[in-house]
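Raw entry.pdb, PDB, C-alpha atoms:
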ATOM      1  CA  MET A1092      -2.514 158.292-101.579  1.00  0.00           C
ATOM      2  CA  GLU A1093      -2.522 154.877-103.183  1.00  0.00           C
ATOM      3  CA  GLY A1094      -1.738 153.260 -99.799  1.00  0.00           C
ATOM      4  CA  MET A1095      -4.721 155.016 -98.225  1.00  0.00           C
ATOM      5  CA  ASN A1096      -7.021 153.791-101.000  1.00  0.00           C
ATOM      6  CA  SER A1097      -5.763 150.245-100.567  1.00  0.00           C
ATOM      7  CA  ASN A1098      -6.465 150.480 -96.842  1.00  0.00           C
ATOM      8  CA  PHE A1099     -10.077 151.393 -97.555  1.00  0.00           C
ATOM      9  CA  SER A1100     -10.597 148.542-100.002  1.00  0.00           C
ATOM     10  CA  LEU A1101     -12.334 145.416 -98.734  1.00  0.00           C
ATOM     11  CA  LEU A1102      -9.185 143.321 -98.954  1.00  0.00           C
ATOM     12  CA  GLY A1103      -7.124 146.061 -97.384  1.00  0.00           C
ATOM     13  CA  MET A1104      -9.507 146.416 -94.453  1.00  0.00           C
ATOM     14  CA  TRP A1105      -9.704 142.635 -94.036  1.00  0.00           C
ATOM     15  CA  ALA A1106      -5.916 142.464 -93.828  1.00  0.00           C
ATOM     16  CA  THR A1107      -5.795 145.031 -91.013  1.00  0.00           C
ATOM     17  CA  MET A1108      -8.759 143.696 -89.005  1.00  0.00           C
ATOM     18  CA  ASN A1109      -8.067 142.037 -85.672  1.00  0.00           C
ATOM     19  CA  TRP A1110      -9.105 138.449 -85.046  1.00  0.00           C
ATOM     20  CA  VAL A1111     -12.384 139.457 -83.365  1.00  0.00           C
ATOM     21  CA  ALA A1112     -13.585 141.466 -86.370  1.00  0.00           C
ATOM     22  CA  LYS A1113     -12.531 138.715 -88.756  1.00  0.00           C
ATOM     23  CA  GLY A1114     -14.417 136.186 -86.651  1.00  0.00           C
ATOM     24  CA  VAL A1115     -17.531 138.367 -86.789  1.00  0.00           C
ATOM     25  CA  VAL A1116     -17.290 138.625 -90.568  1.00  0.00           C
ATOM     26  CA  VAL A1117     -16.963 134.844 -90.868  1.00  0.00           C
ATOM     27  CA  VAL A1118     -19.967 134.298 -88.589  1.00  0.00           C
ATOM     28  CA  LEU A1119     -22.050 136.758 -90.613  1.00  0.00           C
ATOM     29  CA  ALA A1120     -21.010 135.050 -93.836  1.00  0.00           C
ATOM     30  CA  LEU A1121     -22.157 131.703 -92.449  1.00  0.00           C
ATOM     31  CA  MET A1122     -25.453 133.259 -91.339  1.00  0.00           C
ATOM     32  CA  SER A1123     -25.962 134.679 -94.824  1.00  0.00           C
ATOM     33  CA  ILE A1124     -25.316 131.287 -96.447  1.00  0.00           C
ATOM     34  CA  TRP A1125     -27.638 129.640 -93.928  1.00  0.00           C
ATOM     35  CA  SER A1126     -30.504 132.054 -94.626  1.00  0.00           C
ATOM     36  CA  LEU A1127     -30.016 131.713 -98.382  1.00  0.00           C
ATOM     37  CA  THR A1128     -30.078 127.911 -98.116  1.00  0.00           C
ATOM     38  CA  ILE A1129     -33.311 128.007 -96.108  1.00  0.00           C
ATOM     39  CA  ALA A1130     -34.872 130.441 -98.579  1.00  0.00           C
ATOM     40  CA  ILE A1131     -34.056 128.290-101.613  1.00  0.00           C
ATOM     41  CA  GLU A1132     -35.317 125.113 -99.922  1.00  0.00           C
ATOM     42  CA  ARG A1133     -38.584 126.730 -98.761  1.00  0.00           C
ATOM     43  CA  LEU A1134     -39.155 128.381-102.153  1.00  0.00           C
ATOM     44  CA  ILE A1135     -38.862 125.047-103.967  1.00  0.00           C
ATOM     45  CA  ARG A1136     -41.017 123.347-101.319  1.00  0.00           C
ATOM     46  CA  PHE A1137     -43.797 125.922-101.529  1.00  0.00           C
ATOM     47  CA  GLN A1138     -43.823 125.965-105.318  1.00  0.00           C
ATOM     48  CA  ARG A1139     -44.241 122.190-105.350  1.00  0.00           C
ATOM     49  CA  ALA A1140     -46.989 122.396-102.733  1.00  0.00           C
ATOM     50  CA  LYS A1141     -48.911 124.965-104.762  1.00  0.00           C
ATOM     51  CA  ARG A1142     -48.599 123.069-108.036  1.00  0.00           C
ATOM     52  CA  GLU A1143     -49.435 119.649-106.575  1.00  0.00           C
ATOM     53  CA  SER A1144     -52.335 120.968-104.466  1.00  0.00           C
ATOM     54  CA  LEU A1145     -53.959 122.371-107.576  1.00  0.00           C
ATOM     55  CA  GLY A1146     -53.799 118.905-109.148  1.00  0.00           C
ATOM     56  CA  VAL A1147     -55.280 117.327-106.014  1.00  0.00           C
ATOM     57  CA  ALA A1148     -58.160 119.792-105.889  1.00  0.00           C
ATOM     58  CA  LEU A1149     -59.001 119.208-109.552  1.00  0.00           C
ATOM     59  CA  GLY A1150     -58.838 115.431-109.114  1.00  0.00           C
ATOM     60  CA  VAL A1151     -60.624 114.948-105.788  1.00  0.00           C
ATOM     61  CA  THR A1152     -63.630 117.202-106.413  1.00  0.00           C
ATOM     62  CA  PRO A1153     -65.271 115.082-109.167  1.00  0.00           C
ATOM     63  CA  LEU A1154     -64.544 111.861-107.245  1.00  0.00           C
ATOM     64  CA  LEU A1155     -66.335 113.121-104.167  1.00  0.00           C
ATOM     65  CA  LYS A1156     -69.288 114.293-106.244  1.00  0.00           C
ATOM     66  CA  GLN A1157     -69.551 110.703-107.518  1.00  0.00           C
ATOM     67  CA  HIS A1158     -69.111 109.374-103.936  1.00  0.00           C
ATOM     68  CA  LYS A1159     -65.956 107.480-104.935  1.00  0.00           C
ATOM     69  CA  LEU A1160     -64.364 107.656-101.507  1.00  0.00           C
ATOM     70  CA  GLU A1161     -61.779 104.921-102.063  1.00  0.00           C
ATOM     71  CA  GLU A1162     -60.579 106.462-105.308  1.00  0.00           C
ATOM     72  CA  ALA A1163     -60.285 109.875-103.642  1.00  0.00           C
ATOM     73  CA  ILE A1164     -58.132 108.421-100.852  1.00  0.00           C
ATOM     74  CA  THR A1165     -55.930 106.662-103.415  1.00  0.00           C
ATOM     75  CA  LEU A1166     -55.490 109.918-105.316  1.00  0.00           C
ATOM     76  CA  THR A1167     -54.456 111.906-102.236  1.00  0.00           C
ATOM     77  CA  ALA A1168     -51.971 109.165-101.311  1.00  0.00           C
ATOM     78  CA  ASP A1169     -50.327 109.243-104.741  1.00  0.00           C
ATOM     79  CA  LYS A1170     -46.590 109.993-104.642  1.00  0.00           C
ATOM     80  CA  ARG A1171     -47.106 112.709-107.240  1.00  0.00           C
ATOM     81  CA  TYR A1172     -48.753 114.773-104.507  1.00  0.00           C
ATOM     82  CA  ARG A1173     -46.420 114.021-101.603  1.00  0.00           C
ATOM     83  CA  HIS A1174     -45.597 117.730-101.183  1.00  0.00           C
ATOM     84  CA  SER A1175     -49.223 118.876-101.317  1.00  0.00           C
ATOM     85  CA  HIS A1176     -50.654 120.312 -98.127  1.00  0.00           C
ATOM     86  CA  LEU A1177     -54.178 119.757 -99.386  1.00  0.00           C
ATOM     87  CA  ALA A1178     -53.467 116.096-100.116  1.00  0.00           C
ATOM     88  CA  ARG A1179     -52.330 115.502 -96.547  1.00  0.00           C
ATOM     89  CA  VAL A1180     -55.341 117.197 -94.992  1.00  0.00           C
ATOM     90  CA  LEU A1181     -57.887 115.596 -97.304  1.00  0.00           C
ATOM     91  CA  ARG A1182     -56.330 112.144 -96.919  1.00  0.00           C
ATOM     92  CA  ALA A1183     -56.466 112.388 -93.134  1.00  0.00           C
ATOM     93  CA  GLY A1184     -60.136 113.356 -93.150  1.00  0.00           C
ATOM     94  CA  LEU A1185     -61.202 110.876 -95.805  1.00  0.00           C
ATOM     95  CA  THR A1186     -59.292 107.990 -94.230  1.00  0.00           C
ATOM     96  CA  GLU A1187     -60.811 108.655 -90.805  1.00  0.00           C
ATOM     97  CA  PHE A1188     -64.298 109.001 -92.243  1.00  0.00           C
ATOM     98  CA  GLN A1189     -63.986 105.800 -94.246  1.00  0.00           C
ATOM     99  CA  TYR A1190     -62.622 103.861 -91.266  1.00  0.00           C
ATOM    100  CA  GLU A1191     -65.331 105.031 -88.883  1.00  0.00           C
ATOM    101  CA  SER A1192     -68.018 104.308 -91.473  1.00  0.00           C
ATOM    102  CA  THR A1193     -67.031 100.634 -91.531  1.00  0.00           C
ATOM    103  CA  GLN A1194     -67.024 100.237 -87.744  1.00  0.00           C
ATOM    104  CA  THR A1195     -69.882  99.249 -85.478  1.00  0.00           C
ATOM    105  CA  LEU A1196     -70.315 102.368 -83.382  1.00  0.00           C
ATOM    106  CA  PRO A1197     -72.859 103.659 -80.875  1.00  0.00           C
ATOM    107  CA  ASP A1198     -75.765 105.607 -82.329  1.00  0.00           C
ATOM    108  CA  ASP A1199     -74.620 108.785 -80.622  1.00  0.00           C
ATOM    109  CA  PHE A1200     -71.104 108.635 -82.102  1.00  0.00           C
ATOM    110  CA  ASP A1201     -70.483 111.571 -84.433  1.00  0.00           C
ATOM    111  CA  ILE A1202     -68.512 110.361 -87.445  1.00  0.00           C
ATOM    112  CA  VAL A1203     -68.362 113.850 -88.918  1.00  0.00           C
ATOM    113  CA  ALA A1204     -66.794 115.283 -85.751  1.00  0.00           C
ATOM    114  CA  SER A1205     -64.244 112.459 -85.745  1.00  0.00           C
ATOM    115  CA  GLY A1206     -63.262 113.291 -89.319  1.00  0.00           C
ATOM    116  CA  GLN A1207     -63.068 116.960 -88.441  1.00  0.00           C
ATOM    117  CA  ARG A1208     -60.679 116.270 -85.559  1.00  0.00           C
ATOM    118  CA  ALA A1209     -58.451 114.212 -87.866  1.00  0.00           C
ATOM    119  CA  ILE A1210     -58.374 117.115 -90.320  1.00  0.00           C
ATOM    120  CA  GLU A1211     -57.473 119.598 -87.584  1.00  0.00           C
ATOM    121  CA  ARG A1212     -54.631 117.401 -86.316  1.00  0.00           C
ATOM    122  CA  GLU A1213     -53.179 116.999 -89.798  1.00  0.00           C
ATOM    123  CA  SER A1214     -53.563 120.724 -90.509  1.00  0.00           C
ATOM    124  CA  LEU A1215     -51.535 121.568 -87.406  1.00  0.00           C
ATOM    125  CA  MET A1216     -48.805 119.094 -88.341  1.00  0.00           C
ATOM    126  CA  THR A1217     -48.702 120.339 -91.934  1.00  0.00           C
ATOM    127  CA  THR A1218     -48.496 123.979 -90.828  1.00  0.00           C
ATOM    128  CA  ALA A1219     -45.646 123.148 -88.442  1.00  0.00           C
ATOM    129  CA  GLU A1220     -43.768 121.405 -91.262  1.00  0.00           C
ATOM    130  CA  MET A1221     -44.263 124.383 -93.571  1.00  0.00           C
ATOM    131  CA  LYS A1222     -42.833 126.723 -90.942  1.00  0.00           C
ATOM    132  CA  LYS A1223     -39.657 124.647 -90.785  1.00  0.00           C
ATOM    133  CA  GLY A1224     -36.638 126.939 -91.050  1.00  0.00           C
ATOM    134  CA  LEU A1225     -38.625 130.163 -90.667  1.00  0.00           C
ATOM    135  CA  GLY A1226     -37.596 130.421 -87.029  1.00  0.00           C
ATOM    136  CA  ASN A1227     -33.971 130.362 -88.152  1.00  0.00           C
ATOM    137  CA  LEU A1228     -34.656 133.210 -90.585  1.00  0.00           C
ATOM    138  CA  ALA A1229     -36.244 135.216 -87.777  1.00  0.00           C
ATOM    139  CA  THR A1230     -33.238 134.549 -85.545  1.00  0.00           C
ATOM    140  CA  ILE A1231     -30.784 135.614 -88.252  1.00  0.00           C
ATOM    141  CA  SER A1232     -32.740 138.775 -89.052  1.00  0.00           C
ATOM    142  CA  THR A1233     -32.793 139.890 -85.412  1.00  0.00           C
ATOM    143  CA  THR A1234     -29.272 138.881 -84.352  1.00  0.00           C
ATOM    144  CA  ALA A1235     -27.187 139.745 -87.431  1.00  0.00           C
ATOM    145  CA  PRO A1236     -27.186 143.530 -86.765  1.00  0.00           C
ATOM    146  CA  PHE A1237     -26.055 142.952 -83.174  1.00  0.00           C
ATOM    147  CA  VAL A1238     -23.315 140.571 -84.290  1.00  0.00           C
ATOM    148  CA  GLY A1239     -22.130 143.245 -86.710  1.00  0.00           C
ATOM    149  CA  LEU A1240     -22.316 145.879 -83.976  1.00  0.00           C
ATOM    150  CA  PHE A1241     -20.197 143.697 -81.742  1.00  0.00           C
ATOM    151  CA  GLY A1242     -17.567 143.563 -84.483  1.00  0.00           C
ATOM    152  CA  THR A1243     -17.754 147.346 -84.837  1.00  0.00           C
ATOM    153  CA  VAL A1244     -17.177 147.908 -81.125  1.00  0.00           C
ATOM    154  CA  ALA A1245     -14.256 145.489 -81.144  1.00  0.00           C
ATOM    155  CA  GLY A1246     -12.830 147.191 -84.241  1.00  0.00           C
ATOM    156  CA  ILE A1247     -13.061 150.684 -82.736  1.00  0.00           C
ATOM    157  CA  ILE A1248     -11.339 149.486 -79.587  1.00  0.00           C
ATOM    158  CA  HIS A1249      -8.617 148.011 -81.787  1.00  0.00           C
ATOM    159  CA  ALA A1250      -8.267 151.332 -83.656  1.00  0.00           C
ATOM    160  CA  PHE A1251      -7.849 153.339 -80.455  1.00  0.00           C
ATOM    161  CA  GLN A1252      -5.369 150.806 -79.131  1.00  0.00           C
ATOM    162  CA  GLY A1253      -3.337 151.307 -82.287  1.00  0.00           C
ATOM    163  CA  MET A1254      -3.484 155.058 -81.838  1.00  0.00           C
ATOM    164  CA  ALA A1255      -2.321 154.723 -78.229  1.00  0.00           C
ATOM    165  CA  ILE A1256       0.582 152.494 -79.230  1.00  0.00           C
ATOM    166  CA  SER A1257       1.685 154.773 -82.073  1.00  0.00           C
ATOM    167  CA  GLY A1258       1.274 157.893 -79.951  1.00  0.00           C
ATOM    168  CA  SER A1259      -0.363 159.813 -82.800  1.00  0.00           C
ATOM    169  CA  GLY A1260      -3.734 161.514 -82.383  1.00  0.00           C
ATOM    170  CA  GLY A1261      -6.414 163.088 -84.508  1.00  0.00           C
ATOM    171  CA  LEU A1262      -9.162 161.756 -86.718  1.00  0.00           C
ATOM    172  CA  GLY A1263      -6.758 160.812 -89.489  1.00  0.00           C
ATOM    173  CA  ALA A1264      -4.972 158.376 -87.229  1.00  0.00           C
ATOM    174  CA  VAL A1265      -8.124 156.384 -86.468  1.00  0.00           C
ATOM    175  CA  SER A1266     -10.236 156.941 -89.589  1.00  0.00           C
ATOM    176  CA  ALA A1267      -8.992 153.795 -91.310  1.00  0.00           C
ATOM    177  CA  GLY A1268      -9.564 151.693 -88.200  1.00  0.00           C
ATOM    178  CA  ILE A1269     -13.078 153.072 -87.686  1.00  0.00           C
ATOM    179  CA  ALA A1270     -13.909 152.409 -91.340  1.00  0.00           C
ATOM    180  CA  GLU A1271     -12.755 148.820 -90.935  1.00  0.00           C
ATOM    181  CA  ALA A1272     -14.908 148.481 -87.818  1.00  0.00           C
ATOM    182  CA  LEU A1273     -18.014 149.885 -89.485  1.00  0.00           C
ATOM    183  CA  VAL A1274     -17.724 147.283 -92.224  1.00  0.00           C
ATOM    184  CA  THR A1275     -18.994 144.636 -89.803  1.00  0.00           C
ATOM    185  CA  THR A1276     -22.101 146.693 -89.009  1.00  0.00           C
ATOM    186  CA  ALA A1277     -22.782 147.183 -92.717  1.00  0.00           C
ATOM    187  CA  PHE A1278     -22.284 143.468 -93.297  1.00  0.00           C
ATOM    188  CA  GLY A1279     -24.648 142.679 -90.428  1.00  0.00           C
ATOM    189  CA  LEU A1280     -27.364 144.834 -91.986  1.00  0.00           C
ATOM    190  CA  PHE A1281     -26.648 143.269 -95.375  1.00  0.00           C
ATOM    191  CA  VAL A1282     -27.372 139.858 -93.856  1.00  0.00           C
ATOM    192  CA  ALA A1283     -30.352 140.918 -91.717  1.00  0.00           C
ATOM    193  CA  ILE A1284     -32.425 142.902 -94.222  1.00  0.00           C
ATOM    194  CA  PRO A1285     -32.889 140.093 -96.791  1.00  0.00           C
ATOM    195  CA  ALA A1286     -33.582 137.660 -93.944  1.00  0.00           C
ATOM    196  CA  VAL A1287     -36.423 139.892 -92.702  1.00  0.00           C
ATOM    197  CA  TRP A1288     -37.888 140.145 -96.197  1.00  0.00           C
ATOM    198  CA  LEU A1289     -37.658 136.389 -96.726  1.00  0.00           C
ATOM    199  CA  TYR A1290     -39.195 135.630 -93.340  1.00  0.00           C
ATOM    200  CA  ASN A1291     -42.207 137.854 -93.982  1.00  0.00           C
ATOM    201  CA  TYR A1292     -42.594 136.514 -97.518  1.00  0.00           C
ATOM    202  CA  PHE A1293     -42.623 132.879 -96.447  1.00  0.00           C
ATOM    203  CA  LEU A1294     -44.838 133.604 -93.444  1.00  0.00           C
ATOM    204  CA  ASN A1295     -47.408 135.121 -95.799  1.00  0.00           C
ATOM    205  CA  LYS A1296     -47.131 132.017 -97.968  1.00  0.00           C
ATOM    206  CA  VAL A1297     -47.825 129.770 -94.978  1.00  0.00           C
ATOM    207  CA  GLU A1298     -50.845 131.864 -94.044  1.00  0.00           C
ATOM    208  CA  ARG A1299     -52.213 131.484 -97.560  1.00  0.00           C
ATOM    209  CA  PHE A1300     -51.704 127.725 -97.370  1.00  0.00           C
ATOM    210  CA  GLN A1301     -53.542 127.717 -94.044  1.00  0.00           C
ATOM    211  CA  VAL A1302     -56.488 129.483 -95.682  1.00  0.00           C
ATOM    212  CA  GLU A1303     -56.476 126.908 -98.497  1.00  0.00           C
ATOM    213  CA  MET A1304     -56.423 124.040 -95.999  1.00  0.00           C
ATOM    214  CA  SER A1305     -59.212 125.649 -93.999  1.00  0.00           C
ATOM    215  CA  ASN A1306     -61.388 126.100 -97.090  1.00  0.00           C
ATOM    216  CA  SER A1307     -60.766 122.544 -98.276  1.00  0.00           C
ATOM    217  CA  SER A1308     -61.450 121.196 -94.793  1.00  0.00           C
ATOM    218  CA  SER A1309     -64.722 123.087 -94.629  1.00  0.00           C
ATOM    219  CA  GLN A1310     -65.795 121.714 -97.997  1.00  0.00           C
ATOM    220  CA  LEU A1311     -64.843 118.190 -96.938  1.00  0.00           C
ATOM    221  CA  ILE A1312     -66.833 118.491 -93.711  1.00  0.00           C
ATOM    222  CA  ASP A1313     -69.809 119.625 -95.772  1.00  0.00           C
ATOM    223  CA  TYR A1314     -69.376 116.505 -97.880  1.00  0.00           C
ATOM    224  CA  PHE A1315     -69.311 114.327 -94.759  1.00  0.00           C
ATOM    225  CA  ILE A1316     -72.514 115.917 -93.465  1.00  0.00           C
ATOM    226  CA  LYS A1317     -74.312 115.530 -96.793  1.00  0.00           C
ATOM    227  CA  ASN A1318     -73.086 111.959 -97.165  1.00  0.00           C
ATOM    228  CA  GLU A1319     -74.312 111.040 -93.674  1.00  0.00           C
ATOM    229  CA  ALA A1320     -77.664 112.597 -94.415  1.00  0.00           C
ATOM    230  CA  ARG A1321     -77.866 110.646 -97.679  1.00  0.00           C
ATOM    231  CA  VAL A1322     -77.001 107.362 -95.953  1.00  0.00           C
ATOM    232  CA  ARG A1323     -79.551 107.928 -93.203  1.00  0.00           C
ATOM    233  CA  ALA A1324     -82.210 108.863 -95.736  1.00  0.00           C
ATOM    234  CA  GLY A1325     -81.466 105.656 -97.645  1.00  0.00           C
ATOM    235  CA  ALA A1326     -81.668 103.586 -94.462  1.00  0.00           C
ATOM    236  CA  ALA A1327     -84.979 105.191 -93.527  1.00  0.00           C
ATOM    237  CA  THR A1328     -86.375 104.403 -96.994  1.00  0.00           C
ATOM    238  CA  VAL A1329     -85.377 100.752 -96.681  1.00  0.00           C
ATOM    239  CA  ARG A1330     -87.155 100.506 -93.330  1.00  0.00           C
TER     240      ARG A1330
END
Please render this file's structure as C-alpha cells.
Amino acid sequence: MEGMNSNFSLLGMWATMNWVAKGVVVVLALMSIWSLTIAIERLIRFQRAKRESLGVALGVTPLLKQHKLEEAITLTADKRYRHSHLARVLRAGLTEFQYESTQTLPDDFDIVASGQRAIERESLMTTAEMKKGLGNLATISTTAPFVGLFGTVAGIIHAFQGMAISGSGGLGAVSAGIAEALVTTAFGLFVAIPAVWLYNYFLNKVERFQVEMSNSSSQLIDYFIKNEARVRAGAATVR
C-alpha cells in the first residue's frame, strides 16, 4: 500500500516517467518561468508608465496654457518620465510643431496636420513597445495544453508498453502509468490558464493607455489649432 502511494506522489511519478514525458515537463516548466518573467516585467513597466504619465499631465497642462512650448518639451524629455507613454506622444507632437513653426513654409502648409502625423507615428511605436512580450504570453497560453497533451499521449503509450512487456492486464496494471501521463496535461493547464489571464489583463492595460494617448493627442491638437489661430490673429492685427 505504501509503495502504491509513493508511485502516485509527484516524485514517484517523475521517477517512473519515460524521457518524453520528462522532457515535456521540463518544457512546460520553462514556459511557466518565461510567462512569469514577462508578467513581472510588464507589470513593473506599466506601473511606471501610469505613475510617470500622471506627473507629465500635471506638469505640461499649465505650461501649455501659458504658451511655454520650450519648457513643455523640456519637461516631456526629462529622464524622470522616460517610461511615460504620454511623455513620448506629447514630445513628438510638440517638437514637430515647434520645428515647423520656425521654418519658412508655403502658405498652404498645414502645421497642425504635420504635428498630428508625428503624434500618430509615435503613438503606434509606443503601443507596439507596450505590447512587447504579450505575443509570447498568447503563444504560451495556446500551446501549453497541447504540449501537456503530447506528454499524456506519450505516457499512455509507455504505460501500455509496460503492460505488454509484463504480460499483466487490467486497469490496475496501467492505472499508475495513466496517472503519470495525465500529470503532464494537468501541468499544461496549470501553465496555460495563468498565461491567458495575464495576457487579457495586460491587453486591457494597453487599451487603456491607448485611450489616454488618444485623449492627450486630441487635447494637444486642439492646442495647436488655438495657437495657430492666435498667431494669425496677432499677425492680422499688426498689419
- Query: Written as a PyMOL selection string, what is the full residue list that the PyMOL selection byres ((chain A and resi 1303) around 12) yields on the file shown?
  - Reply: chain A and resi 1140-1141+1144-1145+1148+1175-1178+1180-1181+1214+1218+1296-1302+1304-1310
- Task: Name the residues that the PyMOL selection byres ((chain A and resi 1238) around 12) picks from the file above, as a PyMOL selection string, using the file's chain letters and numbers.
- Result: chain A and resi 1111-1120+1122+1230-1237+1239-1245+1273-1283
- Shell of 10 Å around Val1151 of chain A, all atoms listed in the file, local chain residues under 6 positions omitted, as number ranges by chain: A: 1159-1160, 1162-1167, 1178, 1181
- Task: Can you work out the spacing between atom CA of Arg1136 of chain A and atom CA of Ala1229 of chain A in Å, to one decimal?
- Result: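 A separation of 18.6 Å between them.
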Selected by the PyMOL selection byres ((chain A and resi 1190) around 12) in the shown coordinates: which residues, as a PDB file with C-alpha atoms, in the frame of the given file?
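Dumped to part.pdb:
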ATOM      1  CA  LEU A1160     -64.364 107.656-101.507  1.00  0.00           C
ATOM      2  CA  GLU A1161     -61.779 104.921-102.063  1.00  0.00           C
ATOM      3  CA  ILE A1164     -58.132 108.421-100.852  1.00  0.00           C
ATOM      4  CA  ARG A1182     -56.330 112.144 -96.919  1.00  0.00           C
ATOM      5  CA  ALA A1183     -56.466 112.388 -93.134  1.00  0.00           C
ATOM      6  CA  GLY A1184     -60.136 113.356 -93.150  1.00  0.00           C
ATOM      7  CA  LEU A1185     -61.202 110.876 -95.805  1.00  0.00           C
ATOM      8  CA  THR A1186     -59.292 107.990 -94.230  1.00  0.00           C
ATOM      9  CA  GLU A1187     -60.811 108.655 -90.805  1.00  0.00           C
ATOM     10  CA  PHE A1188     -64.298 109.001 -92.243  1.00  0.00           C
ATOM     11  CA  GLN A1189     -63.986 105.800 -94.246  1.00  0.00           C
ATOM     12  CA  GLU A1191     -65.331 105.031 -88.883  1.00  0.00           C
ATOM     13  CA  SER A1192     -68.018 104.308 -91.473  1.00  0.00           C
ATOM     14  CA  THR A1193     -67.031 100.634 -91.531  1.00  0.00           C
ATOM     15  CA  GLN A1194     -67.024 100.237 -87.744  1.00  0.00           C
ATOM     16  CA  THR A1195     -69.882  99.249 -85.478  1.00  0.00           C
ATOM     17  CA  LEU A1196     -70.315 102.368 -83.382  1.00  0.00           C
ATOM     18  CA  ILE A1202     -68.512 110.361 -87.445  1.00  0.00           C
ATOM     19  CA  VAL A1203     -68.362 113.850 -88.918  1.00  0.00           C
ATOM     20  CA  SER A1205     -64.244 112.459 -85.745  1.00  0.00           C
ATOM     21  CA  GLY A1206     -63.262 113.291 -89.319  1.00  0.00           C
ATOM     22  CA  ALA A1209     -58.451 114.212 -87.866  1.00  0.00           C
TER      23      ALA A1209
END
- Task: Could you tell me how far atom CA of Leu1154 of chain A lies from atom CA of Leu1311 of chain A, in Å and to one decimal?
- Result: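 Atom CA of Leu1311 of chain A lies at a distance of 12.1 Å from atom CA of Leu1154 of chain A.
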